[in-house]
There are 4 protein chains.
Amino acid sequence: MTHILIGVIGPGETASEAEMQTAHALGEAIAQAGWGLLTGGRAAGVMAAASQGAQAANGLVVGILPDADVTQAAAVDIAIVTGMGQGRNVINILSSRVVIACGLGPGTLSEMALALKLGKPLIVLQPSGCLLETLSDLSSTPLVPVATIAEAIAATRRYLAE
Amino acid sequence: MTHILIGVIGPGETASEAEMQTAHALGEAIAQAGWGLLTGGRAAGVMAAASQGAQAANGLVVGILPDADVTQAAAVDIAIVTGMGQGRNVINILSSRVVIACGLGPGTLSEMALALKLGKPLIVLQPSGCLLETLSDLSSTPLVPVATIAEAIAATRRYLAE
Amino acid sequence: MTHILIGVIGPGETASEAEMQTAHALGEAIAQAGWGLLTGGRAAGVMAAASQGAQAANGLVVGILPDADVTQAAAVDIAIVTGMGQGRNVINILSSRVVIACGLGPGTLSEMALALKLGKPLIVLQPSGCLLETLSDLSSTPLVPVATIAEAIAATRRYLAE
Amino acid sequence: MTHILIGVIGPGETASEAEMQTAHALGEAIAQAGWGLLTGGRAAGVMAAASQGAQAANGLVVGILPDADVTQAAAVDIAIVTGMGQGRNVINILSSRVVIACGLGPGTLSEMALALKLGKPLIVLQPSGCLLETLSDLSSTPLVPVATIAEAIAATRRYLAE
């Protein structure tokens, strides 16, 4: 059975404490829904927190690493080692059935934009008004701002049911 | 002598007539300054128009193609064929000394974000207020909004002189 | 817990019936040893047969797909969608702790060579004399020709214990 | 006018003195024929020597760099910076109209194999009997062993005329 992978994207070292708490709870909720979690795989910020949350709920975690080895990896069940730096961002998006953004860094923004480009459903937790306006202008594909994790999970469920 | 490559990024099929005219004039100005032009290489929108402008001014044009062959290529002097789809966007940024954005599509936004992530000077022609606010929050590297091609060329010259 | 991934490489559509039988048994043996199986993910040849063998033994199968969608995917538990064509071969190698070759096609040879280049242990089932001579000349890293699946598993076990 | 790019592949740091002399003369001959030279771009071995030869004959040299910056680059006219490590090998092949191998390392072998996989004409200078046998078994595309640079240029000319 092929696991449904839900991508969680967000800042690394610059993530706030609040973003990391949200990411932890989001990872947990994804695992509890029976989906696999996919992140950029580094042991920092939203990637690390979401991974820990999913593993705490016995979920499966896939990390797509930018480096050529696993020394910088978060706690993941499956480590995909690309050696392609930010070139791996497109793999994060293509391999996710739905992408959920939690926080914002430049790498996160590149992945949001790729989700729009590649037609992946993109759910954004608590976006600023300007971010939402910028993305909406570009989007011919589903883009859903949400206020809570429960809403993010519900929106994900809707896309998967389509 | 290694050519200085200036990246021009912008929408493909969805570019407006005005964006394409600006891109043509920008390509021309880059060539007249003695720099090489680098684009995403496809025969559409800003990529095609900038390439034509640069070639009209006897400039050198490098195209980094997403496809695995050259059938969709713009008029370029050097066709780099990646077969990596949007994975090639990171190559566009890494290979450019300075990146200039002309118009906005989802692929463009992914490249702008990568420029910020990878520390490349990013010059943006006539950004909307919201785009500028979104990018500025993320940027620890040079980000310069400009109103005209002349300003874009002047800003490029300043970065190259650093 | 991070799964230990063992890469199995070999021809796709051009695989012989004997190679596919060997790949099936090899996938089974990898799963029985408690390791995850990693392949190039396509529904053809050695990739498909090894995946079926591992799944028949309740193993975990990771497929690293060259395409930008999953329509050509073998039966895998985790589908990594790269959209990078043969550019994904390096990911196959970097993500595997040990690589086992079963049969030979041009893609397989490129992966064998990358294993040598990147210092990954490479086990080759029943190589021709000329292939072995060619690879040995290039190898500063472990290269082990084996005659049987049991020998391949034993050699893998030795590398993992190092 | 799009330059015809001829790829020259061969070992880096492990290249012999004889291989580097051959690569230098080959780069010169490619430039004299009016073609652009494409290499893996690093300042080592066959890549560096071929680049110097082509530049000595006023040729255009394109280097496709594995690193994320140009600090390790050979003398090239156009530096394409990929940050993708050996993932860039597929770009070397896809961007070349014809590929000529001069010497053999593991990276070279991966590129030869990709040339066969991707249907690019592959010319091999003075291959060992075993290498030639290994490659020939895999090849449904043109594979030409040659003894001299003159023969390599003549074979290249034939492919370009097709």
# chains A, B, ... in the order shown; residues from 1 in each chain; ligands from 1
call {"tool": "residues_around", "arguments": {"residues": "A:Ser95", "least_positions_apart": "5", "cutoff": "10 Å", "atoms": "only C-alpha atoms", "output": "PyMOL selection string"}}
result
(chain A and resi 4-7+38+64+90+120) or (chain C and resi 64-65+68-70+78-83)
call {"tool": "interface_residues", "arguments": {"of": "chain B", "to": "chain C", "cutoff": "8 Å", "atoms": "only C-alpha atoms", "output": "PyMOL selection string"}}
result
chain B and resi 83-85+87
call {"tool": "write_last_selection", "arguments": {"atoms": "all heavy atoms", "output": "PDB file, in the first residue's frame"}}
result
ATOM      1  N   GLY B  83      16.554  18.537 -18.261  1.00  0.00           N
ATOM      2  CA  GLY B  83      15.609  17.448 -18.031  1.00  0.00           C
ATOM      3  C   GLY B  83      15.116  17.372 -16.596  1.00  0.00           C
ATOM      4  O   GLY B  83      14.623  16.344 -16.159  1.00  0.00           O
ATOM      5  N   MET B  84      15.235  18.463 -15.852  1.00  0.00           N
ATOM      6  CA  MET B  84      14.898  18.433 -14.420  1.00  0.00           C
ATOM      7  C   MET B  84      13.671  19.276 -14.074  1.00  0.00           C
ATOM      8  O   MET B  84      13.424  19.549 -12.891  1.00  0.00           O
ATOM      9  CB  MET B  84      16.081  18.938 -13.604  1.00  0.00           C
ATOM     10  CG  MET B  84      17.250  17.973 -13.615  1.00  0.00           C
ATOM     11  SD  MET B  84      18.550  18.514 -12.491  1.00  0.00           S
ATOM     12  CE  MET B  84      19.685  17.104 -12.631  1.00  0.00           C
ATOM     13  N   GLY B  85      12.924  19.715 -15.077  1.00  0.00           N
ATOM     14  CA  GLY B  85      11.722  20.494 -14.798  1.00  0.00           C
ATOM     15  C   GLY B  85      12.059  21.714 -13.959  1.00  0.00           C
ATOM     16  O   GLY B  85      13.068  22.392 -14.179  1.00  0.00           O
ATOM     17  N   GLY B  87      13.173  21.769 -11.164  1.00  0.00           N
ATOM     18  CA  GLY B  87      14.421  21.560 -10.411  1.00  0.00           C
ATOM     19  C   GLY B  87      15.549  22.402 -10.960  1.00  0.00           C
ATOM     20  O   GLY B  87      16.538  22.674 -10.265  1.00  0.00           O
TER      21      GLY B  87
END
call {"tool": "select_by_dssp", "arguments": {"residues": "stretch 4-61 of chain C", "states": "helix (DSSP H, G or I)", "output": "ChimeraX atom specification"}}
result
/C:17-32,45-56
call {"tool": "write_last_selection", "arguments": {"atoms": "N, CA and C atoms", "output": "tab-separated table (two decimals), in the first residue's frame"}}
result
chain	number	residue	atom	x	y	z
C	17	GLU	N	13.93	-12.80	-17.92
C	17	GLU	CA	13.07	-13.52	-16.98
C	17	GLU	C	13.89	-13.98	-15.77
C	18	ALA	N	15.10	-14.46	-16.02
C	18	ALA	CA	15.95	-14.94	-14.92
C	18	ALA	C	16.33	-13.80	-13.99
C	19	GLU	N	16.63	-12.64	-14.55
C	19	GLU	CA	16.99	-11.48	-13.71
C	19	GLU	C	15.82	-11.05	-12.83
C	20	MET	N	14.62	-11.15	-13.41
C	20	MET	CA	13.45	-10.74	-12.62
C	20	MET	C	13.17	-11.73	-11.50
C	21	GLN	N	13.41	-13.01	-11.78
C	21	GLN	CA	13.24	-14.00	-10.70
C	21	GLN	C	14.25	-13.77	-9.58
C	22	THR	N	15.48	-13.50	-9.98
C	22	THR	CA	16.52	-13.22	-8.98
C	22	THR	C	16.16	-11.96	-8.19
C	23	ALA	N	15.70	-10.93	-8.89
C	23	ALA	CA	15.35	-9.67	-8.22
C	23	ALA	C	14.21	-9.88	-7.22
C	24	HIS	N	13.25	-10.72	-7.61
C	24	HIS	CA	12.12	-11.00	-6.71
C	24	HIS	C	12.63	-11.66	-5.42
C	25	ALA	N	13.48	-12.65	-5.59
C	25	ALA	CA	14.02	-13.36	-4.42
C	25	ALA	C	14.92	-12.44	-3.59
C	26	LEU	N	15.63	-11.57	-4.26
C	26	LEU	CA	16.51	-10.62	-3.56
C	26	LEU	C	15.68	-9.64	-2.74
C	27	GLY	N	14.61	-9.13	-3.31
C	27	GLY	CA	13.73	-8.22	-2.57
C	27	GLY	C	13.17	-8.90	-1.33
C	28	GLU	N	12.79	-10.15	-1.50
C	28	GLU	CA	12.26	-10.94	-0.39
C	28	GLU	C	13.32	-11.09	0.71
C	29	ALA	N	14.52	-11.42	0.31
C	29	ALA	CA	15.59	-11.64	1.29
C	29	ALA	C	15.94	-10.35	2.03
C	30	ILE	N	15.90	-9.22	1.32
C	30	ILE	CA	16.17	-7.92	1.97
C	30	ILE	C	15.10	-7.62	3.01
C	31	ALA	N	13.86	-7.88	2.66
C	31	ALA	CA	12.76	-7.64	3.61
C	31	ALA	C	12.89	-8.57	4.81
C	32	GLN	N	13.22	-9.85	4.55
C	32	GLN	CA	13.33	-10.81	5.65
C	32	GLN	C	14.48	-10.44	6.60
C	45	GLY	N	10.78	-4.43	-15.00
C	45	GLY	CA	12.01	-5.18	-14.80
C	45	GLY	C	12.39	-5.44	-13.36
C	46	VAL	N	13.69	-5.24	-13.09
C	46	VAL	CA	14.26	-5.54	-11.78
C	46	VAL	C	13.63	-4.68	-10.70
C	47	MET	N	13.34	-3.41	-11.01
C	47	MET	CA	12.70	-2.53	-10.02
C	47	MET	C	11.37	-3.11	-9.56
C	48	ALA	N	10.53	-3.49	-10.52
C	48	ALA	CA	9.20	-4.01	-10.19
C	48	ALA	C	9.31	-5.35	-9.46
C	49	ALA	N	10.18	-6.23	-9.94
C	49	ALA	CA	10.27	-7.57	-9.37
C	49	ALA	C	10.80	-7.53	-7.94
C	50	ALA	N	11.83	-6.73	-7.70
C	50	ALA	CA	12.37	-6.63	-6.34
C	50	ALA	C	11.32	-6.05	-5.39
C	51	SER	N	10.58	-5.06	-5.87
C	51	SER	CA	9.52	-4.45	-5.05
C	51	SER	C	8.46	-5.48	-4.67
C	52	GLN	N	8.05	-6.28	-5.66
C	52	GLN	CA	7.04	-7.30	-5.37
C	52	GLN	C	7.56	-8.33	-4.37
C	53	GLY	N	8.82	-8.70	-4.53
C	53	GLY	CA	9.40	-9.67	-3.60
C	53	GLY	C	9.43	-9.13	-2.18
C	54	ALA	N	9.85	-7.87	-2.05
C	54	ALA	CA	9.93	-7.27	-0.71
C	54	ALA	C	8.54	-7.12	-0.10
C	55	GLN	N	7.58	-6.72	-0.92
C	55	GLN	CA	6.22	-6.55	-0.37
C	55	GLN	C	5.60	-7.90	0.01
C	56	ALA	N	5.94	-8.95	-0.76
C	56	ALA	CA	5.43	-10.29	-0.43
C	56	ALA	C	5.94	-10.74	0.94
call {"tool": "select_by_dssp", "arguments": {"residues": "stretch 10-106 of chain B", "states": "strand (DSSP E or B)", "output": "PDB file with N, CA, C and O atoms, in the first residue's frame"}}
result
ATOM      1  N   GLY B  36      26.517  38.804 -20.154  1.00  0.00           N
ATOM      2  CA  GLY B  36      25.719  37.740 -20.741  1.00  0.00           C
ATOM      3  C   GLY B  36      24.354  37.700 -20.083  1.00  0.00           C
ATOM      4  O   GLY B  36      24.206  38.077 -18.922  1.00  0.00           O
ATOM      5  N   LEU B  37      23.354  37.247 -20.818  1.00  0.00           N
ATOM      6  CA  LEU B  37      22.001  37.092 -20.282  1.00  0.00           C
ATOM      7  C   LEU B  37      21.739  35.622 -20.012  1.00  0.00           C
ATOM      8  O   LEU B  37      22.035  34.771 -20.855  1.00  0.00           O
ATOM      9  N   LEU B  38      21.192  35.327 -18.843  1.00  0.00           N
ATOM     10  CA  LEU B  38      20.786  33.958 -18.522  1.00  0.00           C
ATOM     11  C   LEU B  38      19.283  33.948 -18.254  1.00  0.00           C
ATOM     12  O   LEU B  38      18.781  34.773 -17.487  1.00  0.00           O
ATOM     13  N   THR B  39      18.574  33.008 -18.878  1.00  0.00           N
ATOM     14  CA  THR B  39      17.136  32.862 -18.610  1.00  0.00           C
ATOM     15  C   THR B  39      16.794  31.378 -18.477  1.00  0.00           C
ATOM     16  O   THR B  39      17.647  30.511 -18.691  1.00  0.00           O
ATOM     17  N   ARG B  42      12.987  28.907 -22.140  1.00  0.00           N
ATOM     18  CA  ARG B  42      11.849  28.490 -22.955  1.00  0.00           C
ATOM     19  C   ARG B  42      11.417  29.587 -23.926  1.00  0.00           C
ATOM     20  O   ARG B  42      11.595  30.779 -23.654  1.00  0.00           O
ATOM     21  N   VAL B  61      23.487  34.845 -25.024  1.00  0.00           N
ATOM     22  CA  VAL B  61      22.310  34.389 -24.273  1.00  0.00           C
ATOM     23  C   VAL B  61      22.462  32.920 -23.882  1.00  0.00           C
ATOM     24  O   VAL B  61      22.705  32.066 -24.741  1.00  0.00           O
ATOM     25  N   VAL B  62      22.324  32.676 -22.589  1.00  0.00           N
ATOM     26  CA  VAL B  62      22.360  31.310 -22.058  1.00  0.00           C
ATOM     27  C   VAL B  62      20.958  30.946 -21.589  1.00  0.00           C
ATOM     28  O   VAL B  62      20.330  31.700 -20.837  1.00  0.00           O
ATOM     29  N   GLY B  63      20.458  29.799 -22.028  1.00  0.00           N
ATOM     30  CA  GLY B  63      19.139  29.324 -21.594  1.00  0.00           C
ATOM     31  C   GLY B  63      19.281  28.015 -20.837  1.00  0.00           C
ATOM     32  O   GLY B  63      19.924  27.090 -21.323  1.00  0.00           O
ATOM     33  N   ILE B  64      18.689  27.961 -19.643  1.00  0.00           N
ATOM     34  CA  ILE B  64      18.737  26.743 -18.815  1.00  0.00           C
ATOM     35  C   ILE B  64      17.378  26.071 -18.939  1.00  0.00           C
ATOM     36  O   ILE B  64      16.410  26.470 -18.296  1.00  0.00           O
ATOM     37  N   LEU B  65      17.306  25.050 -19.753  1.00  0.00           N
ATOM     38  CA  LEU B  65      16.016  24.490 -20.138  1.00  0.00           C
ATOM     39  C   LEU B  65      15.497  23.452 -19.154  1.00  0.00           C
ATOM     40  O   LEU B  65      16.248  22.583 -18.712  1.00  0.00           O
ATOM     41  N   ALA B  73      13.011  25.421 -26.901  1.00  0.00           N
ATOM     42  CA  ALA B  73      13.970  26.454 -26.507  1.00  0.00           C
ATOM     43  C   ALA B  73      13.717  27.778 -27.219  1.00  0.00           C
ATOM     44  O   ALA B  73      13.322  27.819 -28.384  1.00  0.00           O
ATOM     45  N   ILE B  78      23.670  29.532 -26.011  1.00  0.00           N
ATOM     46  CA  ILE B  78      24.079  28.336 -25.275  1.00  0.00           C
ATOM     47  C   ILE B  78      22.829  27.729 -24.662  1.00  0.00           C
ATOM     48  O   ILE B  78      22.175  28.363 -23.821  1.00  0.00           O
ATOM     49  N   ALA B  79      22.491  26.506 -25.076  1.00  0.00           N
ATOM     50  CA  ALA B  79      21.330  25.807 -24.509  1.00  0.00           C
ATOM     51  C   ALA B  79      21.826  24.764 -23.519  1.00  0.00           C
ATOM     52  O   ALA B  79      22.522  23.825 -23.901  1.00  0.00           O
ATOM     53  N   ILE B  80      21.481  24.959 -22.242  1.00  0.00           N
ATOM     54  CA  ILE B  80      21.806  23.966 -21.219  1.00  0.00           C
ATOM     55  C   ILE B  80      20.544  23.151 -20.990  1.00  0.00           C
ATOM     56  O   ILE B  80      19.513  23.693 -20.582  1.00  0.00           O
ATOM     57  N   VAL B  81      20.630  21.870 -21.278  1.00  0.00           N
ATOM     58  CA  VAL B  81      19.459  20.993 -21.264  1.00  0.00           C
ATOM     59  C   VAL B  81      19.503  20.169 -19.983  1.00  0.00           C
ATOM     60  O   VAL B  81      20.417  19.373 -19.782  1.00  0.00           O
ATOM     61  N   VAL B  98      23.764  38.393 -10.615  1.00  0.00           N
ATOM     62  CA  VAL B  98      22.673  39.233 -10.128  1.00  0.00           C
ATOM     63  C   VAL B  98      21.409  38.735 -10.830  1.00  0.00           C
ATOM     64  O   VAL B  98      21.478  38.299 -11.984  1.00  0.00           O
ATOM     65  N   VAL B  99      20.284  38.771 -10.118  1.00  0.00           N
ATOM     66  CA  VAL B  99      19.015  38.311 -10.691  1.00  0.00           C
ATOM     67  C   VAL B  99      18.069  39.504 -10.788  1.00  0.00           C
ATOM     68  O   VAL B  99      17.915  40.266  -9.832  1.00  0.00           O
ATOM     69  N   ILE B 100      17.447  39.672 -11.958  1.00  0.00           N
ATOM     70  CA  ILE B 100      16.477  40.751 -12.169  1.00  0.00           C
ATOM     71  C   ILE B 100      15.130  40.132 -12.520  1.00  0.00           C
ATOM     72  O   ILE B 100      15.040  39.341 -13.462  1.00  0.00           O
ATOM     73  N   ALA B 101      14.100  40.498 -11.738  1.00  0.00           N
ATOM     74  CA  ALA B 101      12.757  39.969 -11.992  1.00  0.00           C
ATOM     75  C   ALA B 101      11.933  40.982 -12.759  1.00  0.00           C
ATOM     76  O   ALA B 101      11.914  42.164 -12.430  1.00  0.00           O
ATOM     77  N   CYS B 102      11.237  40.490 -13.771  1.00  0.00           N
ATOM     78  CA  CYS B 102      10.399  41.320 -14.637  1.00  0.00           C
ATOM     79  C   CYS B 102       9.061  40.618 -14.773  1.00  0.00           C
ATOM     80  O   CYS B 102       8.922  39.672 -15.531  1.00  0.00           O
TER      81      CYS B 102
END
call {"tool": "residues_around", "arguments": {"residues": "D:Ala155", "least_positions_apart": "6", "cutoff": "9 Å", "atoms": "only C-alpha atoms", "output": "number ranges by chain"}}
result
D: 123, 144, 146
call {"tool": "closest_residue", "arguments": {"among": "A:Leu94, A:Leu160, A:Leu125, A:Ala115", "to": "A:Ala147", "atoms": "only C-alpha atoms"}}
result
A:Leu125
call {"tool": "residues_around", "arguments": {"residues": "C:Leu143", "least_positions_apart": "4", "cutoff": "8 Å", "atoms": "only C-alpha atoms", "output": "CSV table (one decimal) with all heavy atoms, in the first residue's frame"}}
result
chain,number,residue,atom,x,y,z
C,121,PRO,N,29.3,1.0,-0.8
C,121,PRO,CA,29.6,-0.4,-1.0
C,121,PRO,C,28.7,-0.9,-2.2
C,121,PRO,O,27.5,-0.6,-2.2
C,121,PRO,CB,29.2,-1.1,0.3
C,121,PRO,CG,29.3,0.0,1.3
C,121,PRO,CD,28.9,1.3,0.6
C,122,LEU,N,29.3,-1.6,-3.1
C,122,LEU,CA,28.6,-2.1,-4.3
C,122,LEU,C,28.8,-3.6,-4.4
C,122,LEU,O,29.9,-4.1,-4.5
C,122,LEU,CB,29.2,-1.4,-5.6
C,122,LEU,CG,28.6,-1.9,-6.9
C,122,LEU,CD1,27.1,-1.6,-7.0
C,122,LEU,CD2,29.3,-1.2,-8.1
C,123,ILE,N,27.7,-4.3,-4.4
C,123,ILE,CA,27.7,-5.7,-4.5
C,123,ILE,C,27.0,-6.1,-5.9
C,123,ILE,O,26.0,-5.5,-6.2
C,123,ILE,CB,26.8,-6.4,-3.4
C,123,ILE,CG1,27.5,-6.1,-2.0
C,123,ILE,CG2,26.6,-7.9,-3.6
C,123,ILE,CD1,26.6,-6.4,-0.8
C,124,VAL,N,27.7,-6.9,-6.7
C,124,VAL,CA,27.3,-7.2,-8.0
C,124,VAL,C,27.0,-8.7,-8.2
C,124,VAL,O,27.9,-9.5,-8.0
C,124,VAL,CB,28.3,-6.7,-9.1
C,124,VAL,CG1,27.7,-6.9,-10.5
C,124,VAL,CG2,28.7,-5.3,-8.8
C,136,SER,N,36.5,-2.7,-11.3
C,136,SER,CA,37.6,-2.9,-10.3
C,136,SER,C,38.7,-1.9,-10.5
C,136,SER,O,39.3,-1.3,-9.5
C,136,SER,CB,38.2,-4.3,-10.4
C,136,SER,OG,37.3,-5.3,-10.0
C,139,SER,N,37.8,1.4,-8.7
C,139,SER,CA,37.2,1.4,-7.4
C,139,SER,C,38.2,1.6,-6.3
C,139,SER,O,39.2,0.8,-6.2
C,139,SER,CB,36.5,0.1,-7.2
C,139,SER,OG,35.9,0.0,-5.9
call {"tool": "atom_distance", "arguments": {"atom1": "atom CA of D:Ala33", "atom2": "atom CA of D:Ala150"}}
result
11.1 Å
